[in-house]
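Here the structure comes first, spelled out in structure tokens, and everything after it is commentary.
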Amino acid sequence: MKGNDNVARQMPDKNGVSELHHDAMTGGGRIDFEIIEGFFFAYRDFISDPDAILEKSGFGRAHHRVVHFVNREPGMTVADLLDTLKITKQSLARVLKQLIDSGYIQQVAGPEDRRQRKLYPTRAGRELALALAEPQSRRIARAFEAMSADERRVVIQFLTGMQNAKSE
């Protein structure tokens, strides 16, 4: 490989296009595929119940995230939500409009700055957030059943370590 050998090749070269591999990818001890696959499968199952609930309303995972965070921090501004979700204004605008039009979120002008938009869940929005979180909470509780409080703290420390550093 040309250049830095630590950088994964993004596109195959002309000589490697049709090369078939019959052995399982191992990563040579540099990549922890067991954990990566654990995340794939855990995420698939963790999100499956909320996905089924959201699908009935024509909503998706972006709607889930908005409903979740607005319920966790009622009165947050659109700018705060953009920062939390790390998405574009355009992406949020479409999702937020659908949630407002459907009666799950209410947008209120800020008291000091009328241009500022504060977001609040409605009763329906709170009920939806709880309906989405309950099966996820049950799944988490089952996973923690056999763990001690110290092991739970290690899991939380690990998950925190997996997050990108927050910009301040």
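Naming works like this for the structure tokens: A, B, ... for the chains as they're shown, residue 1 at the start of each chain, ligands 1 onward in shown order.
Residues in contact with stretch 111-115 of chain A at up to 12 Å, not including ones fewer than 6 positions away on its chain and judged by only C-alpha atoms, are Gly75, Thr77, Val78 and Ala79 of chain A.
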Exercise: stretch 33-46 of chain A partners within 9 Å, only C-alpha atoms, chain neighbours under 3 positions left out, as a PDB file with N, CA and C atoms, in the first residue's frame:
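In the end it all went to around-v2.pdb:
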```
ATOM      1  N   MET A  25     -12.054 -12.215   8.127  1.00  0.00           N
ATOM      2  CA  MET A  25     -11.260 -11.044   8.434  1.00  0.00           C
ATOM      3  C   MET A  25     -10.928 -11.061   9.926  1.00  0.00           C
ATOM      4  N   THR A  26      -9.662 -10.841  10.265  1.00  0.00           N
ATOM      5  CA  THR A  26      -9.256 -10.875  11.669  1.00  0.00           C
ATOM      6  C   THR A  26      -8.718  -9.539  12.164  1.00  0.00           C
ATOM      7  N   GLY A  27      -8.170  -8.733  11.315  1.00  0.00           N
ATOM      8  CA  GLY A  27      -7.592  -7.464  11.744  1.00  0.00           C
ATOM      9  C   GLY A  27      -6.223  -7.612  12.368  1.00  0.00           C
ATOM     10  N   ASP A  49     -37.516  -2.138  18.970  1.00  0.00           N
ATOM     11  CA  ASP A  49     -38.848  -1.839  19.518  1.00  0.00           C
ATOM     12  C   ASP A  49     -39.270  -0.396  19.218  1.00  0.00           C
ATOM     13  N   PRO A  50     -38.415   0.596  19.497  1.00  0.00           N
ATOM     14  CA  PRO A  50     -38.800   1.967  19.136  1.00  0.00           C
ATOM     15  C   PRO A  50     -39.046   2.133  17.631  1.00  0.00           C
ATOM     16  N   PRO A 135     -39.321  -0.007  26.391  1.00  0.00           N
ATOM     17  CA  PRO A 135     -38.694  -1.277  25.989  1.00  0.00           C
ATOM     18  C   PRO A 135     -37.168  -1.217  26.027  1.00  0.00           C
ATOM     19  N   GLN A 136     -36.608  -0.067  25.776  1.00  0.00           N
ATOM     20  CA  GLN A 136     -35.157   0.079  25.855  1.00  0.00           C
ATOM     21  C   GLN A 136     -34.695  -0.043  27.307  1.00  0.00           C
ATOM     22  N   ARG A 139     -34.715  -3.658  28.353  1.00  0.00           N
ATOM     23  CA  ARG A 139     -33.563  -4.356  27.773  1.00  0.00           C
ATOM     24  C   ARG A 139     -32.294  -4.056  28.580  1.00  0.00           C
ATOM     25  N   ILE A 140     -32.115  -2.796  28.961  1.00  0.00           N
ATOM     26  CA  ILE A 140     -30.950  -2.405  29.768  1.00  0.00           C
ATOM     27  C   ILE A 140     -31.007  -3.085  31.132  1.00  0.00           C
TER      28      ILE A 140
END
```
Task: Surrounding residues of A:Val95 excluding itself and chain neighbours under 3 positions, 12 Å, only C-alpha atoms, as a VMD selection string - done: chain A and resid 58 to 67 78 82 87 to 92 98 to 102 104 to 105
DSSP helix (DSSP H, G or I) residues within chain A, as a tab-separated table (two decimals) with N, CA, C and O atoms, in the first residue's frame:
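Produced file selection.tsv, reproduced below:
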```tsv
chain	number	residue	atom	x	y	z
A	27	GLY	N	-8.17	-8.73	11.31
A	27	GLY	CA	-7.59	-7.46	11.74
A	27	GLY	C	-6.22	-7.61	12.37
A	27	GLY	O	-5.68	-6.65	12.89
A	28	GLY	N	-5.69	-8.83	12.39
A	28	GLY	CA	-4.35	-9.05	12.90
A	28	GLY	C	-4.16	-8.62	14.34
A	28	GLY	O	-3.07	-8.20	14.71
A	29	GLY	N	-5.20	-8.69	15.15
A	29	GLY	CA	-5.10	-8.30	16.55
A	29	GLY	C	-5.22	-6.80	16.79
A	29	GLY	O	-5.25	-6.35	17.92
A	33	PHE	N	-13.00	-7.10	16.67
A	33	PHE	CA	-14.24	-7.40	15.97
A	33	PHE	C	-15.33	-7.93	16.90
A	33	PHE	O	-16.51	-7.74	16.64
A	34	GLU	N	-14.95	-8.56	17.99
A	34	GLU	CA	-15.95	-9.07	18.93
A	34	GLU	C	-16.77	-7.90	19.52
A	34	GLU	O	-17.99	-7.96	19.59
A	35	ILE	N	-16.09	-6.83	19.90
A	35	ILE	CA	-16.78	-5.67	20.45
A	35	ILE	C	-17.55	-4.95	19.35
A	35	ILE	O	-18.70	-4.54	19.55
A	36	ILE	N	-16.95	-4.78	18.18
A	36	ILE	CA	-17.63	-4.11	17.07
A	36	ILE	C	-18.93	-4.84	16.73
A	36	ILE	O	-19.99	-4.22	16.60
A	37	GLU	N	-18.87	-6.16	16.62
A	37	GLU	CA	-20.06	-6.93	16.31
A	37	GLU	C	-21.06	-6.89	17.46
A	37	GLU	O	-22.27	-6.86	17.24
A	38	GLY	N	-20.55	-6.87	18.69
A	38	GLY	CA	-21.43	-6.71	19.84
A	38	GLY	C	-22.24	-5.42	19.75
A	38	GLY	O	-23.44	-5.41	20.02
A	39	PHE	N	-21.57	-4.34	19.34
A	39	PHE	CA	-22.28	-3.07	19.15
A	39	PHE	C	-23.31	-3.16	18.03
A	39	PHE	O	-24.43	-2.67	18.17
A	40	PHE	N	-22.93	-3.77	16.90
A	40	PHE	CA	-23.89	-3.91	15.79
A	40	PHE	C	-25.16	-4.62	16.26
A	40	PHE	O	-26.27	-4.13	16.04
A	41	PHE	N	-24.99	-5.75	16.92
A	41	PHE	CA	-26.15	-6.55	17.32
A	41	PHE	C	-26.92	-5.91	18.47
A	41	PHE	O	-28.15	-5.93	18.49
A	42	ALA	N	-26.21	-5.33	19.43
A	42	ALA	CA	-26.89	-4.66	20.54
A	42	ALA	C	-27.70	-3.47	20.03
A	42	ALA	O	-28.85	-3.28	20.43
A	43	TYR	N	-27.12	-2.68	19.13
A	43	TYR	CA	-27.83	-1.52	18.59
A	43	TYR	C	-29.04	-1.97	17.78
A	43	TYR	O	-30.12	-1.40	17.92
A	44	ARG	N	-28.87	-2.99	16.97
A	44	ARG	CA	-29.99	-3.51	16.16
A	44	ARG	C	-31.16	-3.87	17.07
A	44	ARG	O	-32.30	-3.48	16.82
A	45	ASP	N	-30.88	-4.58	18.15
A	45	ASP	CA	-31.94	-5.02	19.04
A	45	ASP	C	-32.45	-3.88	19.92
A	45	ASP	O	-33.65	-3.77	20.17
A	46	PHE	N	-31.56	-3.01	20.38
A	46	PHE	CA	-31.93	-1.89	21.24
A	46	PHE	C	-32.91	-0.95	20.55
A	46	PHE	O	-33.83	-0.42	21.17
A	47	ILE	N	-32.74	-0.77	19.25
A	47	ILE	CA	-33.55	0.20	18.51
A	47	ILE	C	-34.78	-0.45	17.85
A	47	ILE	O	-35.66	0.25	17.37
A	48	SER	N	-34.86	-1.78	17.86
A	48	SER	CA	-35.93	-2.46	17.13
A	48	SER	C	-37.33	-2.15	17.65
A	48	SER	O	-38.26	-1.93	16.87
A	49	ASP	N	-37.52	-2.14	18.97
A	49	ASP	CA	-38.85	-1.84	19.52
A	49	ASP	C	-39.27	-0.40	19.22
A	49	ASP	O	-40.38	-0.17	18.73
A	50	PRO	N	-38.41	0.60	19.50
A	50	PRO	CA	-38.80	1.97	19.14
A	50	PRO	C	-39.05	2.13	17.63
A	50	PRO	O	-39.97	2.84	17.24
A	51	ASP	N	-38.24	1.48	16.81
A	51	ASP	CA	-38.45	1.57	15.35
A	51	ASP	C	-39.86	1.12	14.98
A	51	ASP	O	-40.53	1.75	14.16
A	52	ALA	N	-40.32	0.02	15.57
A	52	ALA	CA	-41.65	-0.50	15.26
A	52	ALA	C	-42.73	0.49	15.70
A	52	ALA	O	-43.72	0.69	14.98
A	53	ILE	N	-42.56	1.12	16.85
A	53	ILE	CA	-43.53	2.11	17.34
A	53	ILE	C	-43.53	3.33	16.43
A	53	ILE	O	-44.59	3.84	16.05
A	54	LEU	N	-42.35	3.82	16.08
A	54	LEU	CA	-42.23	5.01	15.23
A	54	LEU	C	-42.80	4.79	13.84
A	54	LEU	O	-43.41	5.69	13.26
A	55	GLU	N	-42.60	3.59	13.32
A	55	GLU	CA	-43.06	3.28	11.96
A	55	GLU	C	-44.57	3.47	11.83
A	55	GLU	O	-45.06	3.90	10.78
A	56	LYS	N	-45.31	3.19	12.88
A	56	LYS	CA	-46.77	3.33	12.85
A	56	LYS	C	-47.20	4.77	12.60
A	56	LYS	O	-48.28	5.02	12.07
A	61	ARG	N	-35.79	7.31	13.19
A	61	ARG	CA	-34.86	7.47	14.30
A	61	ARG	C	-34.54	8.93	14.61
A	61	ARG	O	-34.29	9.29	15.76
A	62	ALA	N	-34.55	9.79	13.60
A	62	ALA	CA	-34.31	11.21	13.86
A	62	ALA	C	-35.43	11.78	14.72
A	62	ALA	O	-35.17	12.58	15.65
A	63	HIS	N	-36.65	11.37	14.47
A	63	HIS	CA	-37.79	11.81	15.29
A	63	HIS	C	-37.61	11.32	16.73
A	63	HIS	O	-37.89	12.04	17.68
A	64	HIS	N	-37.14	10.07	16.87
A	64	HIS	CA	-36.91	9.49	18.18
A	64	HIS	C	-35.93	10.35	18.97
A	64	HIS	O	-36.17	10.69	20.14
A	65	ARG	N	-34.83	10.70	18.34
A	65	ARG	CA	-33.81	11.48	19.04
A	65	ARG	C	-34.35	12.85	19.47
A	65	ARG	O	-34.10	13.32	20.59
A	66	VAL	N	-35.10	13.51	18.59
A	66	VAL	CA	-35.66	14.82	18.93
A	66	VAL	C	-36.63	14.70	20.08
A	66	VAL	O	-36.56	15.45	21.06
A	67	VAL	N	-37.56	13.74	19.99
A	67	VAL	CA	-38.55	13.55	21.07
A	67	VAL	C	-37.84	13.23	22.38
A	67	VAL	O	-38.19	13.76	23.44
A	68	HIS	N	-36.83	12.39	22.32
A	68	HIS	CA	-36.09	12.02	23.53
A	68	HIS	C	-35.46	13.25	24.20
A	68	HIS	O	-35.68	13.51	25.39
A	69	PHE	N	-34.67	14.00	23.44
A	69	PHE	CA	-33.92	15.09	24.05
A	69	PHE	C	-34.81	16.27	24.45
A	69	PHE	O	-34.55	16.92	25.47
A	70	VAL	N	-35.87	16.54	23.71
A	70	VAL	CA	-36.78	17.61	24.12
A	70	VAL	C	-37.50	17.21	25.40
A	70	VAL	O	-37.74	18.06	26.27
A	71	ASN	N	-37.80	15.94	25.57
A	71	ASN	CA	-38.42	15.49	26.82
A	71	ASN	C	-37.44	15.47	27.98
A	71	ASN	O	-37.83	15.68	29.13
A	72	ARG	N	-36.19	15.22	27.71
A	72	ARG	CA	-35.18	15.21	28.76
A	72	ARG	C	-34.80	16.62	29.20
A	72	ARG	O	-34.36	16.83	30.32
A	78	VAL	N	-33.67	25.47	19.80
A	78	VAL	CA	-33.35	24.75	18.56
A	78	VAL	C	-31.83	24.67	18.40
A	78	VAL	O	-31.30	23.62	18.02
A	79	ALA	N	-31.12	25.75	18.74
A	79	ALA	CA	-29.65	25.75	18.63
A	79	ALA	C	-29.04	24.69	19.55
A	79	ALA	O	-28.11	23.98	19.15
A	80	ASP	N	-29.58	24.56	20.77
A	80	ASP	CA	-29.08	23.53	21.69
A	80	ASP	C	-29.32	22.13	21.12
A	80	ASP	O	-28.46	21.25	21.23
A	81	LEU	N	-30.48	21.93	20.55
A	81	LEU	CA	-30.80	20.63	19.98
A	81	LEU	C	-29.90	20.31	18.79
A	81	LEU	O	-29.42	19.19	18.65
A	82	LEU	N	-29.64	21.30	17.96
A	82	LEU	CA	-28.71	21.10	16.83
A	82	LEU	C	-27.34	20.68	17.34
A	82	LEU	O	-26.71	19.78	16.79
A	83	ASP	N	-26.89	21.34	18.40
A	83	ASP	CA	-25.59	21.02	18.98
A	83	ASP	C	-25.57	19.62	19.58
A	83	ASP	O	-24.60	18.88	19.43
A	84	THR	N	-26.64	19.25	20.25
A	84	THR	CA	-26.73	17.92	20.86
A	84	THR	C	-26.73	16.82	19.81
A	84	THR	O	-26.04	15.81	19.95
A	85	LEU	N	-27.53	17.01	18.77
A	85	LEU	CA	-27.71	15.96	17.76
A	85	LEU	C	-26.63	15.96	16.69
A	85	LEU	O	-26.46	14.97	15.97
A	89	LYS	N	-29.30	22.16	10.19
A	89	LYS	CA	-30.58	22.85	10.40
A	89	LYS	C	-31.64	22.29	9.47
A	89	LYS	O	-32.80	22.13	9.86
A	90	GLN	N	-31.25	22.00	8.24
A	90	GLN	CA	-32.20	21.48	7.25
A	90	GLN	C	-32.77	20.13	7.70
A	90	GLN	O	-33.98	19.91	7.61
A	91	SER	N	-31.92	19.25	8.18
A	91	SER	CA	-32.40	17.94	8.65
A	91	SER	C	-33.33	18.10	9.84
A	91	SER	O	-34.38	17.46	9.91
A	92	LEU	N	-32.95	18.95	10.79
A	92	LEU	CA	-33.78	19.15	11.96
A	92	LEU	C	-35.09	19.83	11.60
A	92	LEU	O	-36.14	19.45	12.14
A	93	ALA	N	-35.06	20.77	10.70
A	93	ALA	CA	-36.28	21.52	10.33
A	93	ALA	C	-37.38	20.57	9.84
A	93	ALA	O	-38.54	20.70	10.24
A	94	ARG	N	-37.03	19.63	9.00
A	94	ARG	CA	-38.02	18.70	8.46
A	94	ARG	C	-38.62	17.83	9.57
A	94	ARG	O	-39.84	17.71	9.70
A	95	VAL	N	-37.76	17.27	10.41
A	95	VAL	CA	-38.20	16.39	11.50
A	95	VAL	C	-39.02	17.18	12.52
A	95	VAL	O	-40.08	16.74	12.96
A	96	LEU	N	-38.53	18.34	12.88
A	96	LEU	CA	-39.22	19.16	13.87
A	96	LEU	C	-40.59	19.60	13.37
A	96	LEU	O	-41.58	19.57	14.12
A	97	LYS	N	-40.68	19.98	12.11
A	97	LYS	CA	-41.98	20.38	11.53
A	97	LYS	C	-42.97	19.23	11.64
A	97	LYS	O	-44.13	19.44	12.03
A	98	GLN	N	-42.54	18.02	11.32
A	98	GLN	CA	-43.44	16.87	11.40
A	98	GLN	C	-43.90	16.63	12.85
A	98	GLN	O	-45.07	16.34	13.08
A	99	LEU	N	-42.99	16.76	13.80
A	99	LEU	CA	-43.35	16.54	15.21
A	99	LEU	C	-44.26	17.64	15.73
A	99	LEU	O	-45.17	17.38	16.52
A	100	ILE	N	-44.04	18.88	15.30
A	100	ILE	CA	-44.90	20.00	15.70
A	100	ILE	C	-46.28	19.83	15.07
A	100	ILE	O	-47.31	19.93	15.75
A	101	ASP	N	-46.31	19.56	13.76
A	101	ASP	CA	-47.58	19.40	13.05
A	101	ASP	C	-48.39	18.22	13.59
A	101	ASP	O	-49.62	18.24	13.55
A	123	ARG	N	-48.31	16.65	25.91
A	123	ARG	CA	-48.65	15.41	26.61
A	123	ARG	C	-48.43	14.22	25.67
A	123	ARG	O	-47.87	13.21	26.07
A	124	ALA	N	-48.85	14.36	24.41
A	124	ALA	CA	-48.65	13.28	23.44
A	124	ALA	C	-47.16	13.01	23.22
A	124	ALA	O	-46.73	11.86	23.07
A	125	GLY	N	-46.36	14.08	23.20
A	125	GLY	CA	-44.91	13.93	23.04
A	125	GLY	C	-44.27	13.22	24.21
A	125	GLY	O	-43.37	12.41	24.05
A	126	ARG	N	-44.76	13.52	25.43
A	126	ARG	CA	-44.24	12.85	26.62
A	126	ARG	C	-44.62	11.37	26.58
A	126	ARG	O	-43.81	10.50	26.88
A	127	GLU	N	-45.86	11.08	26.20
A	127	GLU	CA	-46.32	9.69	26.13
A	127	GLU	C	-45.53	8.91	25.08
A	127	GLU	O	-45.14	7.76	25.32
A	128	LEU	N	-45.25	9.55	23.94
A	128	LEU	CA	-44.46	8.88	22.90
A	128	LEU	C	-43.05	8.61	23.41
A	128	LEU	O	-42.52	7.50	23.24
A	129	ALA	N	-42.42	9.59	24.05
A	129	ALA	CA	-41.06	9.41	24.56
A	129	ALA	C	-41.00	8.25	25.55
A	129	ALA	O	-40.07	7.44	25.52
A	130	LEU	N	-41.99	8.16	26.42
A	130	LEU	CA	-42.01	7.07	27.40
A	130	LEU	C	-42.25	5.73	26.71
A	130	LEU	O	-41.61	4.73	27.07
A	131	ALA	N	-43.13	5.71	25.74
A	131	ALA	CA	-43.40	4.46	25.01
A	131	ALA	C	-42.15	3.96	24.29
A	131	ALA	O	-41.92	2.76	24.19
A	132	LEU	N	-41.34	4.89	23.79
A	132	LEU	CA	-40.10	4.52	23.10
A	132	LEU	C	-39.01	4.08	24.08
A	132	LEU	O	-38.24	3.17	23.79
A	133	ALA	N	-38.96	4.72	25.24
A	133	ALA	CA	-37.91	4.43	26.22
A	133	ALA	C	-38.18	3.17	27.04
A	133	ALA	O	-37.24	2.52	27.49
A	134	GLU	N	-39.45	2.84	27.27
A	134	GLU	CA	-39.76	1.70	28.14
A	134	GLU	C	-39.16	0.38	27.66
A	134	GLU	O	-38.50	-0.31	28.45
A	135	PRO	N	-39.32	-0.01	26.39
A	135	PRO	CA	-38.69	-1.28	25.99
A	135	PRO	C	-37.17	-1.22	26.03
A	135	PRO	O	-36.51	-2.21	26.33
A	136	GLN	N	-36.61	-0.07	25.78
A	136	GLN	CA	-35.16	0.08	25.85
A	136	GLN	C	-34.70	-0.04	27.31
A	136	GLN	O	-33.68	-0.68	27.59
A	137	SER	N	-35.45	0.55	28.22
A	137	SER	CA	-35.11	0.47	29.63
A	137	SER	C	-35.20	-0.97	30.14
A	137	SER	O	-34.35	-1.42	30.91
A	138	ARG	N	-36.22	-1.72	29.69
A	138	ARG	CA	-36.34	-3.13	30.07
A	138	ARG	C	-35.14	-3.93	29.57
A	138	ARG	O	-34.60	-4.78	30.27
A	139	ARG	N	-34.71	-3.66	28.35
A	139	ARG	CA	-33.56	-4.36	27.77
A	139	ARG	C	-32.29	-4.06	28.58
A	139	ARG	O	-31.50	-4.94	28.88
A	140	ILE	N	-32.11	-2.80	28.96
A	140	ILE	CA	-30.95	-2.40	29.77
A	140	ILE	C	-31.01	-3.09	31.13
A	140	ILE	O	-30.00	-3.62	31.62
A	141	ALA	N	-32.17	-3.08	31.75
A	141	ALA	CA	-32.32	-3.70	33.08
A	141	ALA	C	-31.99	-5.19	33.01
A	141	ALA	O	-31.31	-5.71	33.91
A	142	ARG	N	-32.45	-5.88	31.97
A	142	ARG	CA	-32.12	-7.31	31.81
A	142	ARG	C	-30.62	-7.53	31.69
A	142	ARG	O	-30.06	-8.46	32.27
A	143	ALA	N	-29.97	-6.66	30.94
A	143	ALA	CA	-28.52	-6.79	30.76
A	143	ALA	C	-27.76	-6.56	32.07
A	143	ALA	O	-26.73	-7.18	32.30
A	144	PHE	N	-28.28	-5.69	32.93
A	144	PHE	CA	-27.61	-5.37	34.19
A	144	PHE	C	-27.99	-6.32	35.32
A	144	PHE	O	-27.37	-6.27	36.39
A	149	ALA	N	-23.01	-3.29	41.13
A	149	ALA	CA	-23.01	-1.83	40.98
A	149	ALA	C	-21.66	-1.37	40.38
A	149	ALA	O	-21.62	-0.45	39.56
A	150	ASP	N	-20.56	-2.01	40.79
A	150	ASP	CA	-19.25	-1.64	40.24
A	150	ASP	C	-19.17	-1.95	38.76
A	150	ASP	O	-18.61	-1.17	37.99
A	151	GLU	N	-19.71	-3.10	38.35
A	151	GLU	CA	-19.70	-3.45	36.94
A	151	GLU	C	-20.54	-2.47	36.13
A	151	GLU	O	-20.19	-2.10	35.01
A	152	ARG	N	-21.66	-2.04	36.70
A	152	ARG	CA	-22.51	-1.05	36.03
A	152	ARG	C	-21.73	0.25	35.82
A	152	ARG	O	-21.79	0.86	34.76
A	153	ARG	N	-20.99	0.67	36.84
A	153	ARG	CA	-20.18	1.89	36.72
A	153	ARG	C	-19.14	1.74	35.61
A	153	ARG	O	-18.85	2.69	34.89
A	154	VAL	N	-18.56	0.55	35.46
A	154	VAL	CA	-17.58	0.31	34.41
A	154	VAL	C	-18.24	0.43	33.03
A	154	VAL	O	-17.67	1.02	32.11
A	155	VAL	N	-19.44	-0.10	32.90
A	155	VAL	CA	-20.17	0.01	31.63
A	155	VAL	C	-20.42	1.48	31.30
A	155	VAL	O	-20.20	1.92	30.17
A	156	ILE	N	-20.87	2.24	32.28
A	156	ILE	CA	-21.13	3.67	32.06
A	156	ILE	C	-19.84	4.40	31.70
A	156	ILE	O	-19.81	5.23	30.79
A	157	GLN	N	-18.74	4.05	32.39
A	157	GLN	CA	-17.45	4.66	32.07
A	157	GLN	C	-17.04	4.31	30.64
A	157	GLN	O	-16.55	5.18	29.90
A	158	PHE	N	-17.25	3.07	30.23
A	158	PHE	CA	-16.92	2.64	28.88
A	158	PHE	C	-17.74	3.42	27.85
A	158	PHE	O	-17.20	3.93	26.87
A	159	LEU	N	-19.05	3.50	28.07
A	159	LEU	CA	-19.92	4.21	27.12
A	159	LEU	C	-19.54	5.69	27.04
A	159	LEU	O	-19.53	6.27	25.95
A	160	THR	N	-19.21	6.29	28.15
A	160	THR	CA	-18.77	7.68	28.16
A	160	THR	C	-17.47	7.82	27.38
A	160	THR	O	-17.30	8.77	26.61
A	161	GLY	N	-16.57	6.88	27.56
A	161	GLY	CA	-15.31	6.90	26.83
A	161	GLY	C	-15.47	6.74	25.33
A	161	GLY	O	-14.64	7.20	24.55
A	162	MET	N	-16.56	6.10	24.91
A	162	MET	CA	-16.83	5.90	23.48
A	162	MET	C	-17.35	7.17	22.80
A	162	MET	O	-17.29	7.27	21.59
```
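Running DSSP on the backbone gives strand (DSSP E) for these residues within chain A: Met76, Thr77, Ile105, Gln106, Gln107, Val108, Ala109, Arg117, Lys118, Leu119, Tyr120 and Pro121 of chain A.
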Those same residues, written as a compact mmCIF listing (two decimals), in the first residue's frame with C-alpha atoms?
```
# COMPACT_ATOMS: atom_id res chain seq x y z
CA MET A 76 -34.10 23.65 25.14
CA THR A 77 -33.53 25.90 22.16
CA ILE A 105 -43.60 19.10 20.22
CA GLN A 106 -44.50 22.74 20.73
CA GLN A 107 -42.21 25.60 19.72
CA VAL A 108 -42.37 28.80 21.79
CA ALA A 109 -40.61 32.13 21.25
CA ARG A 117 -37.22 29.08 19.67
CA LYS A 118 -37.70 26.96 22.77
CA LEU A 119 -38.98 23.42 22.41
CA TYR A 120 -41.39 21.67 24.77
CA PRO A 121 -43.02 18.26 24.65
```
Task: Pairwise distance for atom CA of A:Thr122 and atom CA of A:Pro74, rounded to one decimal in Å - done: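 The value is 9.9 Å.
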